[in-house]
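> Dropping a structure here in structure tokens format, bear with me for questions.
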Amino acid sequence: MRRILPALFLTASALVGLAIPAAAQDADMRKENFNLDEDVAISGYDPVAYFKSNTAIMGQSSLAVFHQGVVYHFSSAANKEEFKKNPSRYEPQYGGWCAYAMGAKGSKVSVNPETFKIVNGKLFLFYN
């Protein structure tokens, strides 16, 4: 039994060591594929506000959250906390690129954050 515990500890440590670089790679990949303006998603607009008020509201850099390589700004502390509970619910589809262009041609086209639709609980942004 005494020999098994050190072996289990070393195995668990090795697995944790492998998971950290994998998570960093995922964050880097997301950052490369998201439509970001100086590392900020949705040009600084609050992703939760789209759902709560059906309005595009500019967030504040003082209310920022870094989520898997992407920074989001929020217009209120309440929206920031709501996002932290379930980020994938509020993130824009197609990495924030124009949903029409991505669907039609797979093209990464910038968006106007004030042009959006929420369909089946998902946020879609559009060029115009």
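Ordering of the structure tokens sets the chain letters (A, B, ...), residue numbers begin anew at 1 in every chain, and ligands are numbered from 1 in the order given.
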So that I can check the secondary structure, give me every residue of segment 7-116 of chain A assigned alpha helix (DSSP H) by backbone DSSP, as a ChimeraX atom specification.
/A:7-33,47-53,77-85,87-90,99-105
> Per DSSP on the backbone, what are the strand (DSSP E or B) residues of segment 49-107 of chain A, as a PyMOL selection string?
chain A and resi 58+60-67+70-74+92
> Would you output that residue set with C-alpha atoms, as an mmCIF file, in the first residue's frame?

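Below you can see out09.cif, which holds the result:
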data_model
loop_
_atom_site.group_PDB
_atom_site.id
_atom_site.type_symbol
_atom_site.label_atom_id
_atom_site.label_comp_id
_atom_site.auth_asym_id
_atom_site.auth_seq_id
_atom_site.Cartn_x
_atom_site.Cartn_y
_atom_site.Cartn_z
ATOM 1 C CA MET A 58 -21.487 49.153 -23.953
ATOM 2 C CA GLN A 60 -16.933 49.046 -18.868
ATOM 3 C CA SER A 61 -13.324 47.900 -18.779
ATOM 4 C CA SER A 62 -13.465 48.142 -14.986
ATOM 5 C CA LEU A 63 -16.064 45.332 -15.079
ATOM 6 C CA ALA A 64 -14.090 42.866 -17.194
ATOM 7 C CA VAL A 65 -13.942 39.075 -17.126
ATOM 8 C CA PHE A 66 -11.222 37.003 -18.780
ATOM 9 C CA HIS A 67 -12.767 33.733 -19.970
ATOM 10 C CA VAL A 70 -11.248 36.159 -24.313
ATOM 11 C CA VAL A 71 -12.046 39.366 -22.398
ATOM 12 C CA TYR A 72 -15.633 40.537 -21.941
ATOM 13 C CA HIS A 73 -16.803 43.888 -20.563
ATOM 14 C CA PHE A 74 -20.023 44.390 -18.606
ATOM 15 C CA PRO A 92 -21.773 35.080 -29.233
#
> Please provide the set of residues having any atom within 10 Å of Glu32 of chain A, restricted to only C-alpha atoms, with same-chain residues fewer than 4 positions apart removed, written as a PDB file with N, CA and C atoms, in the first residue's frame.

ATOM      1  N   ASP A  26      -5.989  25.765 -25.617  1.00  0.00           N
ATOM      2  CA  ASP A  26      -7.387  26.029 -25.942  1.00  0.00           C
ATOM      3  C   ASP A  26      -7.663  27.521 -25.889  1.00  0.00           C
ATOM      4  N   ALA A  27      -7.160  28.202 -24.872  1.00  0.00           N
ATOM      5  CA  ALA A  27      -7.366  29.642 -24.731  1.00  0.00           C
ATOM      6  C   ALA A  27      -6.712  30.386 -25.896  1.00  0.00           C
ATOM      7  N   ASP A  28      -5.507  29.975 -26.286  1.00  0.00           N
ATOM      8  CA  ASP A  28      -4.831  30.608 -27.420  1.00  0.00           C
ATOM      9  C   ASP A  28      -5.601  30.393 -28.707  1.00  0.00           C
ATOM     10  N   LEU A  36     -11.992  39.821 -32.056  1.00  0.00           N
ATOM     11  CA  LEU A  36     -11.585  40.624 -30.908  1.00  0.00           C
ATOM     12  C   LEU A  36     -11.088  41.982 -31.346  1.00  0.00           C
ATOM     13  N   ASP A  39      -8.111  42.501 -27.963  1.00  0.00           N
ATOM     14  CA  ASP A  39      -8.338  41.367 -27.057  1.00  0.00           C
ATOM     15  C   ASP A  39      -9.701  41.367 -26.372  1.00  0.00           C
ATOM     16  N   GLY A  69      -9.219  32.874 -22.620  1.00  0.00           N
ATOM     17  CA  GLY A  69      -8.491  33.616 -23.633  1.00  0.00           C
ATOM     18  C   GLY A  69      -9.209  34.829 -24.193  1.00  0.00           C
ATOM     19  N   VAL A  70     -10.445  35.059 -23.771  1.00  0.00           N
ATOM     20  CA  VAL A  70     -11.248  36.159 -24.313  1.00  0.00           C
ATOM     21  C   VAL A  70     -11.712  37.068 -23.178  1.00  0.00           C
ATOM     22  N   GLY A  95     -17.898  32.834 -32.658  1.00  0.00           N
ATOM     23  CA  GLY A  95     -16.793  33.620 -32.132  1.00  0.00           C
ATOM     24  C   GLY A  95     -16.992  35.118 -32.275  1.00  0.00           C
TER      25      GLY A  95
END
> Which distance in Å separates atom CA of Phe126 of chain A and atom CA of Ser75 of chain A, to one decimal?
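Going from atom CA of Phe126 of chain A over to atom CA of Ser75 of chain A, I get 21.1 Å.
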> I'd like the contact shell of Asp37 of chain A - 12 Å cut-off, only C-alpha atoms, skipping same-chain residues fewer than 2 positions apart - returned as a ChimeraX atom specification.
/A:31-32,34-35,39-45,70-73,96-97,110-111,113
> Keeping all heavy atoms, export the residues of the selection given above as a compact mmCIF listing (two decimals), in the first residue's frame.

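Output contents, as saved in out04.txt:
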# COMPACT_ATOMS: atom_id res chain seq x y z
N LYS A 31 -8.66 32.58 -28.73
CA LYS A 31 -8.27 33.97 -28.96
C LYS A 31 -7.99 34.22 -30.44
O LYS A 31 -8.36 35.25 -30.99
CB LYS A 31 -7.05 34.31 -28.11
CG LYS A 31 -6.69 35.75 -28.12
CD LYS A 31 -5.57 36.03 -27.14
CE LYS A 31 -5.16 37.47 -27.19
NZ LYS A 31 -4.10 37.79 -26.25
N GLU A 32 -7.38 33.25 -31.11
CA GLU A 32 -7.10 33.38 -32.54
C GLU A 32 -8.37 33.35 -33.37
O GLU A 32 -8.43 33.97 -34.43
CB GLU A 32 -6.18 32.24 -32.99
CG GLU A 32 -4.76 32.39 -32.56
CD GLU A 32 -3.89 31.23 -33.00
OE1 GLU A 32 -4.26 30.53 -33.98
OE2 GLU A 32 -2.85 31.01 -32.38
N PHE A 34 -11.61 34.12 -32.31
CA PHE A 34 -12.66 35.07 -31.93
C PHE A 34 -12.44 36.41 -32.61
O PHE A 34 -11.32 36.80 -32.90
CB PHE A 34 -12.65 35.28 -30.41
CG PHE A 34 -13.66 34.43 -29.68
CD1 PHE A 34 -13.53 33.05 -29.64
CD2 PHE A 34 -14.73 35.00 -29.03
CE1 PHE A 34 -14.43 32.26 -28.98
CE2 PHE A 34 -15.66 34.22 -28.36
CZ PHE A 34 -15.51 32.85 -28.33
N ASN A 35 -13.53 37.10 -32.84
CA ASN A 35 -13.50 38.45 -33.37
C ASN A 35 -13.23 39.38 -32.19
O ASN A 35 -14.13 39.67 -31.40
CB ASN A 35 -14.85 38.78 -34.02
CG ASN A 35 -14.89 40.15 -34.64
OD1 ASN A 35 -13.88 40.84 -34.72
ND2 ASN A 35 -16.07 40.55 -35.08
N ASP A 39 -8.11 42.50 -27.96
CA ASP A 39 -8.34 41.37 -27.06
C ASP A 39 -9.70 41.37 -26.37
O ASP A 39 -9.97 40.55 -25.51
CB ASP A 39 -7.24 41.26 -25.99
CG ASP A 39 -5.88 40.93 -26.58
OD1 ASP A 39 -5.85 40.33 -27.68
OD2 ASP A 39 -4.87 41.25 -25.96
N VAL A 40 -10.59 42.28 -26.73
CA VAL A 40 -11.92 42.37 -26.11
C VAL A 40 -12.98 41.91 -27.11
O VAL A 40 -13.01 42.34 -28.26
CB VAL A 40 -12.22 43.82 -25.65
CG1 VAL A 40 -13.61 43.92 -25.05
CG2 VAL A 40 -11.17 44.27 -24.64
N ALA A 41 -13.87 41.03 -26.64
CA ALA A 41 -14.96 40.52 -27.47
C ALA A 41 -16.07 41.55 -27.62
O ALA A 41 -16.27 42.41 -26.76
CB ALA A 41 -15.52 39.24 -26.85
N ILE A 42 -16.80 41.44 -28.69
CA ILE A 42 -17.99 42.24 -29.00
C ILE A 42 -17.71 43.74 -28.90
O ILE A 42 -18.56 44.54 -28.51
CB ILE A 42 -19.21 41.86 -28.11
CG1 ILE A 42 -19.31 40.36 -27.91
CG2 ILE A 42 -20.51 42.37 -28.75
CD1 ILE A 42 -20.40 39.94 -26.93
N SER A 43 -16.49 44.14 -29.22
CA SER A 43 -16.08 45.56 -29.18
C SER A 43 -16.38 46.21 -27.83
O SER A 43 -16.62 47.40 -27.74
CB SER A 43 -16.75 46.35 -30.30
OG SER A 43 -16.38 45.84 -31.56
N GLY A 44 -16.40 45.40 -26.77
CA GLY A 44 -16.64 45.94 -25.43
C GLY A 44 -18.08 45.97 -24.99
O GLY A 44 -18.40 46.42 -23.89
N TYR A 45 -18.99 45.48 -25.84
CA TYR A 45 -20.41 45.45 -25.45
C TYR A 45 -20.66 44.33 -24.45
O TYR A 45 -19.96 43.31 -24.45
CB TYR A 45 -21.30 45.28 -26.69
CG TYR A 45 -21.50 46.57 -27.45
CD1 TYR A 45 -20.51 47.06 -28.28
CD2 TYR A 45 -22.68 47.29 -27.34
CE1 TYR A 45 -20.68 48.24 -28.98
CE2 TYR A 45 -22.87 48.47 -28.04
CZ TYR A 45 -21.86 48.95 -28.86
OH TYR A 45 -22.03 50.12 -29.53
N VAL A 70 -10.44 35.06 -23.77
CA VAL A 70 -11.25 36.16 -24.31
C VAL A 70 -11.71 37.07 -23.18
O VAL A 70 -12.16 36.60 -22.14
CB VAL A 70 -12.47 35.61 -25.08
CG1 VAL A 70 -13.33 36.73 -25.63
CG2 VAL A 70 -12.01 34.69 -26.22
N VAL A 71 -11.62 38.38 -23.39
CA VAL A 71 -12.05 39.37 -22.40
C VAL A 71 -13.43 39.89 -22.77
O VAL A 71 -13.69 40.22 -23.93
CB VAL A 71 -11.05 40.55 -22.32
CG1 VAL A 71 -11.55 41.62 -21.35
CG2 VAL A 71 -9.67 40.06 -21.92
N TYR A 72 -14.30 39.97 -21.78
CA TYR A 72 -15.63 40.54 -21.94
C TYR A 72 -15.79 41.70 -20.98
O TYR A 72 -15.30 41.64 -19.85
CB TYR A 72 -16.72 39.49 -21.64
CG TYR A 72 -16.80 38.40 -22.68
CD1 TYR A 72 -16.07 37.23 -22.53
CD2 TYR A 72 -17.57 38.57 -23.82
CE1 TYR A 72 -16.13 36.24 -23.50
CE2 TYR A 72 -17.62 37.57 -24.79
CZ TYR A 72 -16.90 36.41 -24.61
OH TYR A 72 -16.95 35.44 -25.58
N HIS A 73 -16.49 42.74 -21.42
CA HIS A 73 -16.80 43.89 -20.56
C HIS A 73 -18.29 43.85 -20.23
O HIS A 73 -19.10 43.38 -21.03
CB HIS A 73 -16.48 45.20 -21.27
CG HIS A 73 -15.01 45.43 -21.43
ND1 HIS A 73 -14.51 46.50 -22.14
CD2 HIS A 73 -13.93 44.76 -20.98
CE1 HIS A 73 -13.19 46.47 -22.11
NE2 HIS A 73 -12.81 45.41 -21.42
N GLY A 96 -18.24 35.54 -32.48
CA GLY A 96 -18.52 36.96 -32.62
C GLY A 96 -18.37 37.49 -34.04
O GLY A 96 -18.50 38.68 -34.28
N TRP A 97 -18.13 36.61 -34.98
CA TRP A 97 -18.07 37.02 -36.39
C TRP A 97 -19.50 37.08 -36.94
O TRP A 97 -20.41 36.51 -36.37
CB TRP A 97 -17.24 36.04 -37.22
CG TRP A 97 -15.80 35.97 -36.79
CD1 TRP A 97 -15.21 35.00 -36.05
CD2 TRP A 97 -14.78 36.93 -37.06
NE1 TRP A 97 -13.89 35.29 -35.84
CE2 TRP A 97 -13.60 36.48 -36.45
CE3 TRP A 97 -14.75 38.15 -37.76
CZ2 TRP A 97 -12.39 37.18 -36.52
CZ3 TRP A 97 -13.56 38.84 -37.83
CH2 TRP A 97 -12.40 38.36 -37.22
N SER A 110 -16.32 41.19 -39.89
CA SER A 110 -16.56 41.96 -38.67
C SER A 110 -18.03 42.30 -38.53
O SER A 110 -18.79 42.22 -39.50
CB SER A 110 -15.73 43.24 -38.68
OG SER A 110 -14.36 42.92 -38.59
N VAL A 111 -18.44 42.69 -37.33
CA VAL A 111 -19.85 42.94 -37.05
C VAL A 111 -20.07 44.36 -36.55
O VAL A 111 -19.14 45.04 -36.14
CB VAL A 111 -20.39 41.96 -35.99
CG1 VAL A 111 -20.30 40.53 -36.48
CG2 VAL A 111 -19.67 42.12 -34.66
N PRO A 113 -21.86 45.54 -33.42
CA PRO A 113 -22.40 44.92 -32.21
C PRO A 113 -23.84 45.32 -31.89
O PRO A 113 -24.50 44.67 -31.10
CB PRO A 113 -21.47 45.40 -31.11
CG PRO A 113 -20.22 45.79 -31.79
CD PRO A 113 -20.64 46.29 -33.15
> As a PyMOL selection string, please: the residues near Lys108 of chain A (cut-off 9 Å, only C-alpha atoms, same-chain neighbours under 4 positions excluded).
chain A and resi 35+94+97-99+101-102
> Would you write out those residues with N, CA and C atoms, as a compact mmCIF listing (two decimals), in the first residue's frame?

# COMPACT_ATOMS: atom_id res chain seq x y z
N ASN A 35 -13.53 37.10 -32.84
CA ASN A 35 -13.50 38.45 -33.37
C ASN A 35 -13.23 39.38 -32.19
N TYR A 94 -20.33 31.75 -33.42
CA TYR A 94 -19.30 31.94 -34.45
C TYR A 94 -18.15 32.84 -33.97
N TRP A 97 -18.13 36.61 -34.98
CA TRP A 97 -18.07 37.02 -36.39
C TRP A 97 -19.50 37.08 -36.94
N CYS A 98 -19.69 37.75 -38.06
CA CYS A 98 -21.01 37.90 -38.67
C CYS A 98 -21.63 36.53 -38.93
N ALA A 99 -22.77 36.29 -38.31
CA ALA A 99 -23.44 35.00 -38.42
C ALA A 99 -23.85 34.70 -39.86
N ALA A 101 -22.42 35.79 -42.74
CA ALA A 101 -21.23 35.48 -43.55
C ALA A 101 -20.66 34.11 -43.18
N MET A 102 -20.66 33.79 -41.90
CA MET A 102 -20.14 32.49 -41.48
C MET A 102 -21.04 31.37 -42.01
> Which value, in Å to one decimal, gives the distance between atom CA of Phe124 of chain A and atom CA of Gln93 of chain A?
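Computing the Euclidean distance for atom CA of Phe124 of chain A and atom CA of Gln93 of chain A yields 5.6 Å.
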> Could you tell me which of A:Lys105, A:Tyr100, A:Val48, A:Ser88 comes closest to Asn128 of chain A if we count only C-alpha atoms?
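Going through A:Lys105, A:Tyr100, A:Val48, A:Ser88 one by one, the smallest distance to Asn128 of chain A is for A:Tyr100.
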> Excluding Gly121 of chain A and any residue of its chain fewer than 3 positions from it, enumerate the residues within 9 Å of it, using only C-alpha atoms, and give them as number ranges by chain.
A: 51, 89-90, 118
> Would you output that residue set with N, CA and C atoms, as a PDB file, in the first residue's frame?

ATOM      1  N   PHE A  51     -29.340  39.701 -23.686  1.00  0.00           N
ATOM      2  CA  PHE A  51     -30.380  38.773 -23.229  1.00  0.00           C
ATOM      3  C   PHE A  51     -31.346  39.424 -22.245  1.00  0.00           C
ATOM      4  N   ARG A  89     -23.383  30.347 -22.140  1.00  0.00           N
ATOM      5  CA  ARG A  89     -24.748  30.775 -22.452  1.00  0.00           C
ATOM      6  C   ARG A  89     -24.764  32.150 -23.119  1.00  0.00           C
ATOM      7  N   TYR A  90     -23.821  32.992 -22.764  1.00  0.00           N
ATOM      8  CA  TYR A  90     -23.833  34.383 -23.220  1.00  0.00           C
ATOM      9  C   TYR A  90     -22.850  34.696 -24.341  1.00  0.00           C
ATOM     10  N   ILE A 118     -31.275  37.193 -31.116  1.00  0.00           N
ATOM     11  CA  ILE A 118     -31.185  36.067 -30.199  1.00  0.00           C
ATOM     12  C   ILE A 118     -32.171  35.029 -30.717  1.00  0.00           C
TER      13      ILE A 118
END
> Looking at A:Asn33, A:Val119, A:Tyr127, A:Lys52, which one is nearest to Phe83 of chain A, with distances taken over only C-alpha atoms?
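Of all the options, A:Lys52 lies closest to Phe83 of chain A.
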